[in-house]
Amino acid sequence: MTDLMVTIDFEPKNDPLRYFLSSIGVFNYPKFLDSFSSSKSYYTHVSSLRFYKDLDWEDLEELSEVGGIKEGEITISHEVYGETVLKEAVFKELILDYSQALLETYKNDSSAPKLWSNEMTDEITKLKNKPS
C-alpha cells in the first residue's frame, strides 16, 4: 500500500514546518501524533521534530543562530529548508486542527489501512488531553 502525501502552506511562510509536515505520509499520522503526545522526538527520512529536553549542547549552539530555543518549545529541522523553533502549545493546536482535517478528508478513503480512522480518532483525543 502506498501512503498519501499532502502539503500545507503557511502565512507567514515557514518552509521547515511545511516540508516537515509534508514528509509525514497521511497514513503515518497516528504514529506521529502518538510521538508528539508522548513528548518524543519524531524523525522522517529528511526532517525531524525535537523537544527541548532531547537537545544536547551542540544542538543548542546551532539553534542560537536562529534565535535560540527554551523550555516549552520544539525545533523542526529539514535537511534542505533549515530549522524553525515553535512554542509547543502553538504547534499542538496547529496539529490538532490539521489532523482533524486529515481525518475528515481521508476517513472513508479505500486506500487507508483498515484501522487508520480509529487510530487517528484515538490519537487526536490523546493529544487534546496532553497538557500544554
# chains A, B, ... in the order shown; residues from 1 in each chain; ligands from 1
call {"tool": "residues_around", "arguments": {"residues": "A:Ser117", "least_positions_apart": "5", "cutoff": "8 Å", "atoms": "only C-alpha atoms", "output": "list in words"}}
result
Leu103, Tyr106 and Lys107 of chain A
call {"tool": "residues_around", "arguments": {"residues": "stretch 17-30 of chain A", "least_positions_apart": "4", "cutoff": "9 Å", "atoms": "only C-alpha atoms", "output": "NGL selection string"}}
result
:A and (3-10 or 13 or 34-35 or 44-49 or 76-78 or 81 or 83-84 or 99 or 102 or 106 or 112-113 or 116-117 or 119-124)
call {"tool": "closest_residue", "arguments": {"among": "A:Gly72, A:Gly82, A:Gly67, A:Pro16", "to": "A:Lys53", "atoms": "only C-alpha atoms"}}
result
A:Gly72
call {"tool": "select_by_dssp", "arguments": {"residues": "stretch 9-124 of chain A", "states": "alpha helix (DSSP H)", "output": "ChimeraX atom specification"}}
result
/A:15-22,29-37,57-63,88-106,116-124
call {"tool": "select_by_dssp", "arguments": {"residues": "chain A", "states": "strand (DSSP E)", "output": "VMD selection string"}}
result
chain A and resid 42 to 43 47 to 51 73 to 78 82 to 87
call {"tool": "closest_residue", "arguments": {"among": "A:Glu104, A:Pro12, A:Glu88, A:Glu79", "to": "A:Lys130", "atoms": "only C-alpha atoms"}}
result
A:Glu88
call {"tool": "residues_around", "arguments": {"residues": "A:Val85", "least_positions_apart": "3", "cutoff": "7 Å", "atoms": "only C-alpha atoms", "output": "VMD selection string"}}
result
chain A and resid 69 73 to 76
call {"tool": "write_last_selection", "arguments": {"atoms": "N, CA and C atoms", "output": "compact mmCIF listing (two decimals), in the first residue's frame"}}
result
# COMPACT_ATOMS: atom_id res chain seq x y z
N ILE A 69 16.37 28.50 21.58
CA ILE A 69 15.22 27.69 21.97
C ILE A 69 15.21 27.61 23.49
N GLU A 73 9.42 24.80 24.06
CA GLU A 73 9.48 24.99 22.62
C GLU A 73 10.00 23.72 21.95
N ILE A 74 9.74 23.62 20.67
CA ILE A 74 10.23 22.49 19.86
C ILE A 74 11.02 23.06 18.69
N THR A 75 11.85 22.21 18.12
CA THR A 75 12.54 22.60 16.90
C THR A 75 12.17 21.62 15.79
N ILE A 76 11.95 22.17 14.63
CA ILE A 76 11.68 21.37 13.44
C ILE A 76 12.82 21.63 12.47
call {"tool": "atom_distance", "arguments": {"atom1": "atom CA of A:Lys70", "atom2": "atom CA of A:Lys87"}}
result
9.0 Å
call {"tool": "closest_residue", "arguments": {"among": "A:Arg50, A:Lys114, A:Lys40, A:Lys128", "to": "A:Ile95", "atoms": "only C-alpha atoms"}}
result
A:Lys128
call {"tool": "atom_distance", "arguments": {"atom1": "atom CA of A:Tyr42", "atom2": "atom CA of A:Glu11"}}
result
24.0 Å
call {"tool": "decode", "arguments": {"residues": "stretch 3-35 of chain A", "atoms": "C-alpha atoms", "output": "PDB file, in the first residue's frame"}}
result
ATOM      1  CA  ASP A   3       0.920   6.233   1.615  1.00  0.00           C
ATOM      2  CA  LEU A   4      -0.576   9.544   0.546  1.00  0.00           C
ATOM      3  CA  MET A   5       1.478  12.713   0.822  1.00  0.00           C
ATOM      4  CA  VAL A   6      -0.150  16.112   1.250  1.00  0.00           C
ATOM      5  CA  THR A   7       1.200  19.609   1.552  1.00  0.00           C
ATOM      6  CA  ILE A   8       0.206  22.649   3.562  1.00  0.00           C
ATOM      7  CA  ASP A   9       1.046  26.328   3.147  1.00  0.00           C
ATOM      8  CA  PHE A  10       1.625  28.789   5.982  1.00  0.00           C
ATOM      9  CA  GLU A  11       1.298  32.535   6.174  1.00  0.00           C
ATOM     10  CA  PRO A  12       3.770  33.824   7.167  1.00  0.00           C
ATOM     11  CA  LYS A  13       5.881  31.368   5.201  1.00  0.00           C
ATOM     12  CA  ASN A  14       7.592  28.624   7.237  1.00  0.00           C
ATOM     13  CA  ASP A  15       9.295  26.152   4.892  1.00  0.00           C
ATOM     14  CA  PRO A  16      10.863  23.883   7.552  1.00  0.00           C
ATOM     15  CA  LEU A  17       7.412  23.370   9.116  1.00  0.00           C
ATOM     16  CA  ARG A  18       5.672  22.999   5.765  1.00  0.00           C
ATOM     17  CA  TYR A  19       8.078  20.374   4.464  1.00  0.00           C
ATOM     18  CA  PHE A  20       8.288  18.525   7.789  1.00  0.00           C
ATOM     19  CA  LEU A  21       4.512  18.035   7.798  1.00  0.00           C
ATOM     20  CA  SER A  22       4.566  17.157   4.097  1.00  0.00           C
ATOM     21  CA  SER A  23       7.180  14.471   4.743  1.00  0.00           C
ATOM     22  CA  ILE A  24       4.800  12.557   7.033  1.00  0.00           C
ATOM     23  CA  GLY A  25       2.560  10.311   4.987  1.00  0.00           C
ATOM     24  CA  VAL A  26      -1.152  10.672   5.782  1.00  0.00           C
ATOM     25  CA  PHE A  27      -1.361   7.086   6.992  1.00  0.00           C
ATOM     26  CA  ASN A  28       1.640   7.612   9.313  1.00  0.00           C
ATOM     27  CA  TYR A  29      -0.082  10.445  11.185  1.00  0.00           C
ATOM     28  CA  PRO A  30      -1.316   8.230  14.048  1.00  0.00           C
ATOM     29  CA  LYS A  31       2.322   7.306  14.818  1.00  0.00           C
ATOM     30  CA  PHE A  32       3.372  10.952  14.592  1.00  0.00           C
ATOM     31  CA  LEU A  33       0.543  12.065  16.902  1.00  0.00           C
ATOM     32  CA  ASP A  34       1.424   9.328  19.383  1.00  0.00           C
ATOM     33  CA  SER A  35       5.031  10.518  19.413  1.00  0.00           C
TER      34      SER A  35
END
